[in-house]
$ cat entry-v1.cif   # mmCIF, C-alpha atoms
data_run
loop_
_atom_site.label_atom_id
_atom_site.label_comp_id
_atom_site.auth_asym_id
_atom_site.auth_seq_id
_atom_site.Cartn_x
_atom_site.Cartn_y
_atom_site.Cartn_z
CA MET A 1 -91.60 23.40 45.08
CA ASN A 2 -89.20 24.84 47.63
CA PHE A 3 -90.70 25.66 51.03
CA GLU A 4 -89.35 26.41 54.48
CA ASN A 5 -91.82 24.45 56.61
CA ILE A 6 -93.21 21.73 54.35
CA LEU A 7 -91.89 19.08 52.00
CA VAL A 8 -93.66 18.08 48.77
CA GLN A 9 -93.00 14.84 46.92
CA GLN A 10 -94.71 13.51 43.82
CA ASN A 11 -94.64 9.98 42.46
CA GLU A 12 -96.91 8.21 39.96
CA GLY A 13 -99.98 10.33 40.48
CA ILE A 14 -99.66 10.70 44.26
CA ALA A 15 -98.38 13.88 45.90
CA LYS A 16 -97.31 13.80 49.54
CA ILE A 17 -97.15 16.96 51.62
CA THR A 18 -95.20 16.65 54.87
CA ILE A 19 -95.39 19.38 57.49
CA ASN A 20 -91.77 19.62 58.56
CA ARG A 21 -91.41 21.48 61.88
CA PRO A 22 -90.40 18.58 64.14
CA SER A 23 -88.92 20.83 66.85
CA LYS A 24 -92.38 22.43 67.19
CA LEU A 25 -94.25 19.12 66.78
CA ASN A 26 -95.29 20.45 63.36
CA ALA A 27 -97.42 23.22 64.90
CA LEU A 28 -99.18 25.49 62.42
CA ASN A 29 -98.00 29.07 62.17
CA LYS A 30 -98.88 31.73 59.61
CA ASN A 31 -96.01 30.83 57.30
CA THR A 32 -96.85 27.13 57.36
CA ILE A 33 -100.51 27.83 56.60
CA ALA A 34 -99.48 30.07 53.69
CA GLU A 35 -97.09 27.43 52.35
CA LEU A 36 -99.72 24.71 52.62
CA HIS A 37 -102.16 26.89 50.68
CA GLU A 38 -99.61 27.45 47.94
CA ALA A 39 -98.74 23.75 47.74
CA PHE A 40 -102.36 22.63 47.54
CA LYS A 41 -103.13 25.31 44.95
CA LEU A 42 -100.26 24.17 42.72
CA LEU A 43 -101.09 20.48 43.10
CA GLU A 44 -104.78 21.07 42.36
CA VAL A 45 -103.99 22.39 38.87
CA ASN A 46 -101.37 19.71 38.19
CA LYS A 47 -103.19 17.16 36.05
CA ALA A 48 -100.56 14.52 36.84
CA VAL A 49 -101.59 14.58 40.52
CA LYS A 50 -104.61 12.37 41.21
CA VAL A 51 -104.46 12.10 45.04
CA ILE A 52 -102.79 14.18 47.76
CA ILE A 53 -101.62 12.73 51.09
CA ILE A 54 -100.85 15.13 53.94
CA THR A 55 -98.86 14.06 57.00
CA GLY A 56 -96.40 15.29 59.60
CA SER A 57 -92.69 14.64 59.93
CA GLY A 58 -91.46 12.16 62.50
CA GLU A 59 -93.45 9.72 64.61
CA LYS A 60 -94.70 12.03 67.38
CA ALA A 61 -97.06 14.44 65.68
CA PHE A 62 -99.21 15.05 62.64
CA VAL A 63 -99.78 18.62 63.84
CA ALA A 64 -99.81 19.27 67.58
CA GLY A 65 -101.89 22.44 67.22
CA ALA A 66 -101.50 26.06 66.23
CA ASP A 67 -98.50 28.16 67.26
CA ILE A 68 -100.02 29.86 70.31
CA SER A 69 -97.17 32.33 70.61
CA GLU A 70 -98.35 34.01 67.40
CA PHE A 71 -101.79 35.00 68.68
CA ALA A 72 -101.60 35.08 72.49
CA ASN A 73 -101.89 38.90 72.49
CA PHE A 74 -104.39 39.31 69.67
CA SER A 75 -107.38 41.65 69.91
CA VAL A 76 -110.96 40.61 69.08
CA GLU A 77 -110.55 41.95 65.56
CA GLU A 78 -107.21 40.20 65.04
CA GLY A 79 -108.59 36.90 66.34
CA THR A 80 -111.59 37.13 64.04
CA GLU A 81 -109.39 37.82 61.04
CA LEU A 82 -107.04 34.95 61.99
CA ALA A 83 -109.90 32.45 61.87
CA ARG A 84 -111.51 33.95 58.76
CA LYS A 85 -108.32 34.00 56.72
CA GLY A 86 -107.16 30.58 57.90
CA GLN A 87 -110.44 28.95 56.99
CA GLU A 88 -110.52 30.65 53.60
CA ILE A 89 -106.98 29.90 52.42
CA LEU A 90 -106.47 26.46 53.94
CA PHE A 91 -109.21 24.55 55.76
CA ASP A 92 -112.18 25.34 53.51
CA PHE A 93 -109.79 25.37 50.55
CA ILE A 94 -108.74 21.77 51.21
CA GLN A 95 -112.30 20.56 51.80
CA ASN A 96 -113.40 21.94 48.45
CA LEU A 97 -110.49 20.70 46.35
CA SER A 98 -111.55 18.47 43.47
CA THR A 99 -108.40 16.38 44.05
CA PRO A 100 -108.93 13.82 46.85
CA VAL A 101 -106.96 14.59 50.02
CA ILE A 102 -106.10 11.88 52.56
CA ALA A 103 -104.82 12.89 56.01
CA ALA A 104 -102.22 10.41 57.31
CA ILE A 105 -102.37 11.08 61.06
CA ASN A 106 -99.00 9.90 62.35
CA GLY A 107 -99.21 11.07 65.99
CA PHE A 108 -100.75 13.98 67.87
CA ALA A 109 -103.48 15.81 65.94
CA LEU A 110 -104.62 18.51 68.32
CA GLY A 111 -106.45 21.79 67.87
CA GLY A 112 -105.62 23.18 64.44
CA GLY A 113 -103.96 19.85 63.63
CA LEU A 114 -107.19 17.91 64.04
CA GLU A 115 -109.03 20.67 62.19
CA LEU A 116 -106.55 20.27 59.33
CA ALA A 117 -107.09 16.51 59.29
CA MET A 118 -110.87 16.97 59.32
CA ALA A 119 -110.65 19.32 56.33
CA ALA A 120 -109.20 16.43 54.32
CA HIS A 121 -111.68 14.17 52.53
CA PHE A 122 -110.95 11.30 54.92
CA ARG A 123 -108.40 10.21 57.50
CA ILE A 124 -106.16 7.21 58.24
CA ALA A 125 -104.30 7.05 61.57
CA SER A 126 -101.32 5.28 63.07
CA SER A 127 -101.99 3.35 66.26
CA ASN A 128 -100.08 5.89 68.36
CA ALA A 129 -102.21 8.83 67.18
CA LYS A 130 -104.05 11.00 69.69
CA MET A 131 -106.73 13.47 68.66
CA GLY A 132 -108.50 16.32 70.38
CA LEU A 133 -109.63 19.94 70.40
CA PRO A 134 -108.19 21.46 73.59
CA GLU A 135 -108.99 25.09 72.80
CA VAL A 136 -111.41 25.69 75.70
CA SER A 137 -108.54 24.95 78.11
CA LEU A 138 -106.95 28.14 76.70
CA GLY A 139 -110.13 30.19 77.02
CA VAL A 140 -110.95 30.09 73.31
CA ILE A 141 -112.89 27.80 70.96
CA PRO A 142 -111.83 25.95 67.80
CA GLY A 143 -111.58 28.55 65.06
CA TYR A 144 -110.57 26.60 61.97
CA GLY A 145 -113.83 24.72 61.45
CA GLY A 146 -113.62 22.33 64.41
CA THR A 147 -117.05 23.14 65.85
CA GLN A 148 -118.60 22.38 62.45
CA ARG A 149 -116.67 19.43 61.03
CA LEU A 150 -116.32 17.39 64.23
CA PRO A 151 -120.12 17.07 64.77
CA GLN A 152 -120.51 16.12 61.10
CA LEU A 153 -118.05 13.28 61.57
CA VAL A 154 -118.74 11.94 65.07
CA GLY A 155 -122.18 13.32 65.91
CA LYS A 156 -123.24 16.24 68.09
CA GLY A 157 -123.00 14.49 71.46
CA LYS A 158 -119.48 13.14 71.01
CA ALA A 159 -118.32 16.45 69.53
CA MET A 160 -119.77 18.35 72.49
CA GLU A 161 -117.95 16.01 74.88
CA MET A 162 -114.62 16.29 73.09
CA ILE A 163 -114.74 20.06 72.78
CA MET A 164 -116.07 20.82 76.27
CA SER A 165 -113.74 18.38 78.06
CA ALA A 166 -110.71 19.32 75.93
CA SER A 167 -109.79 15.63 76.14
CA MET A 168 -107.77 13.55 73.71
CA ILE A 169 -109.05 10.31 72.22
CA SER A 170 -107.04 7.34 70.96
CA ALA A 171 -106.80 6.23 67.36
CA GLU A 172 -109.05 3.24 68.10
CA GLU A 173 -111.69 5.49 69.68
CA ALA A 174 -111.46 7.79 66.64
CA LYS A 175 -112.08 4.80 64.37
CA GLU A 176 -114.99 3.64 66.52
CA TRP A 177 -116.55 7.10 66.35
CA GLY A 178 -116.05 7.47 62.58
CA LEU A 179 -113.39 10.15 62.78
CA VAL A 180 -110.82 7.98 60.97
CA ASN A 181 -111.34 5.17 58.46
CA TYR A 182 -108.46 2.88 59.40
CA VAL A 183 -105.87 2.44 62.15
CA VAL A 184 -102.54 0.75 61.41
CA GLU A 185 -99.06 0.59 62.87
CA HIS A 186 -96.89 3.61 62.13
CA GLU A 187 -94.75 1.88 59.50
CA GLU A 188 -97.88 0.80 57.62
CA LEU A 189 -99.52 4.25 57.56
CA ILE A 190 -98.17 5.75 54.35
CA PRO A 191 -98.25 2.41 52.46
CA LEU A 192 -101.95 2.03 53.32
CA CYS A 193 -102.67 5.60 52.24
CA GLU A 194 -100.88 4.90 48.97
CA ASN A 195 -102.83 1.66 48.54
CA VAL A 196 -106.14 3.48 48.99
CA ALA A 197 -104.91 6.25 46.68
CA ALA A 198 -104.14 3.64 44.01
CA LYS A 199 -107.75 2.42 44.17
CA ILE A 200 -108.99 6.00 43.81
CA MET A 201 -106.72 6.64 40.82
CA ARG A 202 -108.33 3.83 38.84
CA ASN A 203 -111.44 5.97 38.53
CA SER A 204 -112.42 9.17 36.76
CA SER A 205 -110.85 12.27 38.34
CA VAL A 206 -113.57 14.38 36.76
CA ALA A 207 -116.32 12.27 38.32
CA ILE A 208 -114.54 12.20 41.69
CA GLY A 209 -114.30 15.99 41.72
CA ALA A 210 -118.04 16.22 40.99
CA ALA A 211 -118.79 13.70 43.76
CA ILE A 212 -116.75 15.72 46.28
CA LYS A 213 -118.72 18.82 45.35
CA ALA A 214 -122.06 17.04 45.75
CA ILE A 215 -121.12 15.42 49.09
CA ASN A 216 -119.86 18.71 50.52
CA ALA A 217 -123.08 20.46 49.49
CA ASN A 218 -125.02 18.42 52.04
CA TYR A 219 -123.01 20.12 54.80
CA THR A 220 -123.40 23.67 53.50
CA ASN A 221 -126.08 25.93 54.95
CA CYS A 222 -128.93 26.86 52.61
CA VAL A 223 -127.74 24.48 49.89
CA ASN A 224 -129.84 21.54 48.71
CA GLY A 225 -127.36 18.69 48.37
CA TYR A 226 -129.76 16.62 46.29
CA SER A 227 -130.04 19.42 43.74
CA VAL A 228 -126.25 19.70 43.52
CA GLU A 229 -126.04 15.94 43.03
CA ILE A 230 -128.63 16.01 40.24
CA GLU A 231 -126.84 18.90 38.51
CA ASN A 232 -123.43 17.24 38.66
CA PHE A 233 -124.85 13.87 37.65
CA GLY A 234 -126.22 15.49 34.50
CA ILE A 235 -122.99 17.39 33.80
CA SER A 236 -121.11 14.08 33.94
CA PHE A 237 -122.92 12.92 30.79
CA GLY A 238 -121.13 15.61 28.79
CA THR A 239 -117.61 14.62 29.84
CA ASP A 240 -115.02 12.59 27.97
CA ASP A 241 -114.58 10.44 31.07
CA PHE A 242 -118.24 9.40 30.93
CA LYS A 243 -117.89 8.40 27.30
CA GLU A 244 -114.71 6.44 28.04
CA GLY A 245 -116.12 4.79 31.17
CA THR A 246 -119.35 3.61 29.57
CA THR A 247 -117.62 2.55 26.35
CA ALA A 248 -115.05 0.54 28.30
CA PHE A 249 -117.82 -1.14 30.29
CA LEU A 250 -119.72 -2.12 27.14
CA GLU A 251 -116.50 -3.30 25.48
CA LYS A 252 -115.59 -5.28 28.62
CA ARG A 253 -112.23 -3.58 29.16
CA LYS A 254 -110.67 -1.33 31.78
CA PRO A 255 -111.27 2.40 31.20
CA ASN A 256 -108.37 4.69 30.34
CA PHE A 257 -109.14 7.91 32.18
#
$ encode --input "entry-v1.cif" --output "structure tokens"
Amino acid sequence: MNFENILVQQNEGIAKITINRPSKLNALNKNTIAELHEAFKLLEVNKAVKVIIITGSGEKAFVAGADISEFANFSVEEGTELARKGQEILFDFIQNLSTPVIAAINGFALGGGLELAMAAHFRIASSNAKMGLPEVSLGVIPGYGGTQRLPQLVGKGKAMEMIMSASMISAEEAKEWGLVNYVVEHEELIPLCENVAAKIMRNSSVAIGAAIKAINANYTNCVNGYSVEIENFGISFGTDDFKEGTTAFLEKRKPNF
């Protein structure tokens, strides 16, 4: 995979995507969003990839926001299309991948950067990370899912405060609020993500994909999450992974998924 704005590495079941625009603090522009979509799409169909880690280059920023210069003069119609297309090809796309995605937040995650991290299945942060949605300070609102995913993760009241104040929070505050799962020193960030990924990879990728689908259903309007869970639970009984997992348990050995 050769890209202009991102780097993709793959090793023993783990793929790492690094947003590589350090001079722009890894800000998201149209080309970067398109490249991320392409990378995630290719990794999703690669059966050798069991977990994807996404991070930013350097120690200052995961993604310090969207590239404001690209849309400062947009019309209402252009702004609407920007949000619609971005959500479709990247943010919603990541959330609904069957391959687990871990966001390794290595610094500033602001605006579209925090929205990108929230689209991942869960987040781990370095101790120097700062997170926030500052869009209202620019006269706009979060447009890549921030008004929806942030309340799901931290609750309505905290999300209202963060969005309306346009304030940043520390990594420790993010952990306290449930926005990130762990906080570690910068040099420990990727190793911890890889350690968690290794635990995930011991289990059935087919079952994990079904679990992601069922969990996400609970946060989708007009969808009964319990019904989706029941359906996917039943489907699991027809998979080779179910047969291997239950057989291994009864034979008192580790499963070979």
$ resolve_selection --input "entry-v1.cif" --expression "the PyMOL selection byres ((chain A and resi 169) around 7)" --output "PDB file with C-alpha atoms, in the coordinates of the input"
ATOM      1  CA  LYS A 130    -104.050  11.000  69.690  1.00  0.00           C
ATOM      2  CA  MET A 131    -106.730  13.470  68.660  1.00  0.00           C
ATOM      3  CA  GLY A 132    -108.500  16.320  70.380  1.00  0.00           C
ATOM      4  CA  SER A 167    -109.790  15.630  76.140  1.00  0.00           C
ATOM      5  CA  MET A 168    -107.770  13.550  73.710  1.00  0.00           C
ATOM      6  CA  SER A 170    -107.040   7.340  70.960  1.00  0.00           C
ATOM      7  CA  ALA A 171    -106.800   6.230  67.360  1.00  0.00           C
ATOM      8  CA  GLU A 173    -111.690   5.490  69.680  1.00  0.00           C
ATOM      9  CA  ALA A 174    -111.460   7.790  66.640  1.00  0.00           C
TER      10      ALA A 174
END
$ residues_around --input "entry-v1.cif" --residues "A:Ala159" --least-positions-apart "4" --cutoff "8 Å" --atoms "only C-alpha atoms" --output "CSV table (one decimal) with C-alpha atoms, keeping the file's coordinate frame"
chain,number,residue,atom,x,y,z
A,147,THR,CA,-117.0,23.1,65.8
A,150,LEU,CA,-116.3,17.4,64.2
A,151,PRO,CA,-120.1,17.1,64.8
A,154,VAL,CA,-118.7,11.9,65.1
A,155,GLY,CA,-122.2,13.3,65.9
A,163,ILE,CA,-114.7,20.1,72.8
$ atom_distance --input "entry-v1.cif" --atom1 "atom CA of A:Ala210" --atom2 "atom CA of A:Asn106"
29.3 Å
$ atom_distance --input "entry-v1.cif" --atom1 "atom CA of A:Leu110" --atom2 "atom CA of A:Ala15"
23.7 Å
$ resolve_selection --input "entry-v1.cif" --expression "the PyMOL selection byres ((chain A and resi 125) around 7)" --output "list in words"
Ala104, Ile105, Asn106, Arg123, Ile124, Ser126, Ser127, Ala129, Ala171, Val180, Tyr182, Val183, Val184 and Leu189 of chain A
$ residues_around --input "entry-v1.cif" --residues "A:Met164" --least-positions-apart "3" --cutoff "9 Å" --atoms "all atoms listed in the file" --output "PyMOL selection string"
chain A and resi 133-137+159-161+167
$ closest_residue --input "entry-v1.cif" --among "A:Trp177, A:Phe3, A:Phe257, A:Phe108" --to "A:Ala64" --atoms "all atoms listed in the file"
A:Phe108
$ residues_near_point --input "entry-v1.cif" --point "(-107.2, 25.8, 58.5)" --cutoff "8 Å" --atoms "only C-alpha atoms" --output "VMD selection string"
chain A and resid 33 83 86 to 92 112 115 to 116 119 144 to 145
$ atom_distance --input "entry-v1.cif" --atom1 "atom CA of A:Ile53" --atom2 "atom CA of A:Asn203"
17.3 Å
$ resolve_selection --input "entry-v1.cif" --expression "the PyMOL selection byres ((chain A and resi 49) around 8)" --output "PyMOL selection string"
chain A and resi 10+12-15+43-44+46-48+50-52+99
$ closest_residue --input "entry-v1.cif" --among "A:Lys254, A:Gly79, A:Phe62, A:Phe242" --to "A:Ser205" --atoms "all atoms listed in the file"
A:Phe242
$ closest_residue --input "entry-v1.cif" --among "A:Leu82, A:Ile190, A:Ile17, A:Ile230" --to "A:Glu70" --atoms "all atoms listed in the file"
A:Leu82
$ closest_residue --input "entry-v1.cif" --among "A:Val196, A:Ala120, A:Leu114, A:Leu97" --to "A:Pro142" --atoms "only C-alpha atoms"
A:Leu114
$ closest_residue --input "entry-v1.cif" --among "A:Arg202, A:Arg21, A:Lys213, A:Lys85" --to "A:Asn256" --atoms "all atoms listed in the file"
A:Arg202
$ residues_around --input "entry-v1.cif" --residues "A:Thr18" --least-positions-apart "2" --cutoff "10 Å" --atoms "only C-alpha atoms" --output "VMD selection string"
chain A and resid 5 to 9 15 to 16 20 to 21 26 36 53 to 58 62 104
$ closest_residue --input "entry-v1.cif" --among "A:Thr32, A:Ser75, A:Ser227, A:Gln95" --to "A:Glu4" --atoms "all atoms listed in the file"
A:Thr32
$ residues_near_point --input "entry-v1.cif" --point "(-113.3, 15.9, 53.2)" --cutoff "9 Å" --atoms "only C-alpha atoms" --output "list in words"
Ile94, Gln95, Asn96, Leu97, Pro100, Val101, Ile102, Ala117, Met118, Ala119, Ala120, His121, Phe122, Arg123, Ile212, Ile215 and Asn216 of chain A
$ build_atoms --input "entry-v1.cif" --residues "stretch 90-104 of chain A" --atoms "N, CA and C atoms" --output "PDB file, in the frame of the given file"
ATOM      1  N   LEU A  90    -106.960  27.816  53.725  1.00  0.00           N
ATOM      2  CA  LEU A  90    -106.470  26.460  53.940  1.00  0.00           C
ATOM      3  C   LEU A  90    -107.568  25.449  54.226  1.00  0.00           C
ATOM      4  N   PHE A  91    -108.303  25.614  55.310  1.00  0.00           N
ATOM      5  CA  PHE A  91    -109.210  24.550  55.760  1.00  0.00           C
ATOM      6  C   PHE A  91    -110.396  24.384  54.812  1.00  0.00           C
ATOM      7  N   ASP A  92    -111.101  25.443  54.496  1.00  0.00           N
ATOM      8  CA  ASP A  92    -112.180  25.340  53.510  1.00  0.00           C
ATOM      9  C   ASP A  92    -111.608  25.038  52.127  1.00  0.00           C
ATOM     10  N   PHE A  93    -110.440  25.584  51.844  1.00  0.00           N
ATOM     11  CA  PHE A  93    -109.790  25.370  50.550  1.00  0.00           C
ATOM     12  C   PHE A  93    -109.537  23.894  50.310  1.00  0.00           C
ATOM     13  N   ILE A  94    -109.000  23.204  51.332  1.00  0.00           N
ATOM     14  CA  ILE A  94    -108.740  21.770  51.210  1.00  0.00           C
ATOM     15  C   ILE A  94    -110.033  20.998  51.033  1.00  0.00           C
ATOM     16  N   GLN A  95    -111.031  21.294  51.860  1.00  0.00           N
ATOM     17  CA  GLN A  95    -112.300  20.560  51.800  1.00  0.00           C
ATOM     18  C   GLN A  95    -112.917  20.623  50.419  1.00  0.00           C
ATOM     19  N   ASN A  96    -112.741  21.746  49.743  1.00  0.00           N
ATOM     20  CA  ASN A  96    -113.400  21.940  48.450  1.00  0.00           C
ATOM     21  C   ASN A  96    -112.515  21.658  47.250  1.00  0.00           C
ATOM     22  N   LEU A  97    -111.313  21.118  47.482  1.00  0.00           N
ATOM     23  CA  LEU A  97    -110.490  20.700  46.350  1.00  0.00           C
ATOM     24  C   LEU A  97    -111.194  19.590  45.576  1.00  0.00           C
ATOM     25  N   SER A  98    -111.000  19.575  44.273  1.00  0.00           N
ATOM     26  CA  SER A  98    -111.550  18.470  43.470  1.00  0.00           C
ATOM     27  C   SER A  98    -110.606  17.268  43.471  1.00  0.00           C
ATOM     28  N   THR A  99    -109.357  17.478  43.899  1.00  0.00           N
ATOM     29  CA  THR A  99    -108.400  16.380  44.050  1.00  0.00           C
ATOM     30  C   THR A  99    -108.562  15.767  45.429  1.00  0.00           C
ATOM     31  N   PRO A 100    -108.746  14.445  45.537  1.00  0.00           N
ATOM     32  CA  PRO A 100    -108.930  13.820  46.850  1.00  0.00           C
ATOM     33  C   PRO A 100    -107.725  14.054  47.766  1.00  0.00           C
ATOM     34  N   VAL A 101    -108.002  14.358  49.029  1.00  0.00           N
ATOM     35  CA  VAL A 101    -106.960  14.590  50.020  1.00  0.00           C
ATOM     36  C   VAL A 101    -107.144  13.603  51.168  1.00  0.00           C
ATOM     37  N   ILE A 102    -106.088  12.830  51.459  1.00  0.00           N
ATOM     38  CA  ILE A 102    -106.100  11.880  52.560  1.00  0.00           C
ATOM     39  C   ILE A 102    -105.174  12.405  53.655  1.00  0.00           C
ATOM     40  N   ALA A 103    -105.667  12.508  54.882  1.00  0.00           N
ATOM     41  CA  ALA A 103    -104.820  12.890  56.010  1.00  0.00           C
ATOM     42  C   ALA A 103    -104.250  11.626  56.635  1.00  0.00           C
ATOM     43  N   ALA A 104    -102.916  11.530  56.665  1.00  0.00           N
ATOM     44  CA  ALA A 104    -102.220  10.410  57.310  1.00  0.00           C
ATOM     45  C   ALA A 104    -101.793  10.885  58.689  1.00  0.00           C
TER      46      ALA A 104
END
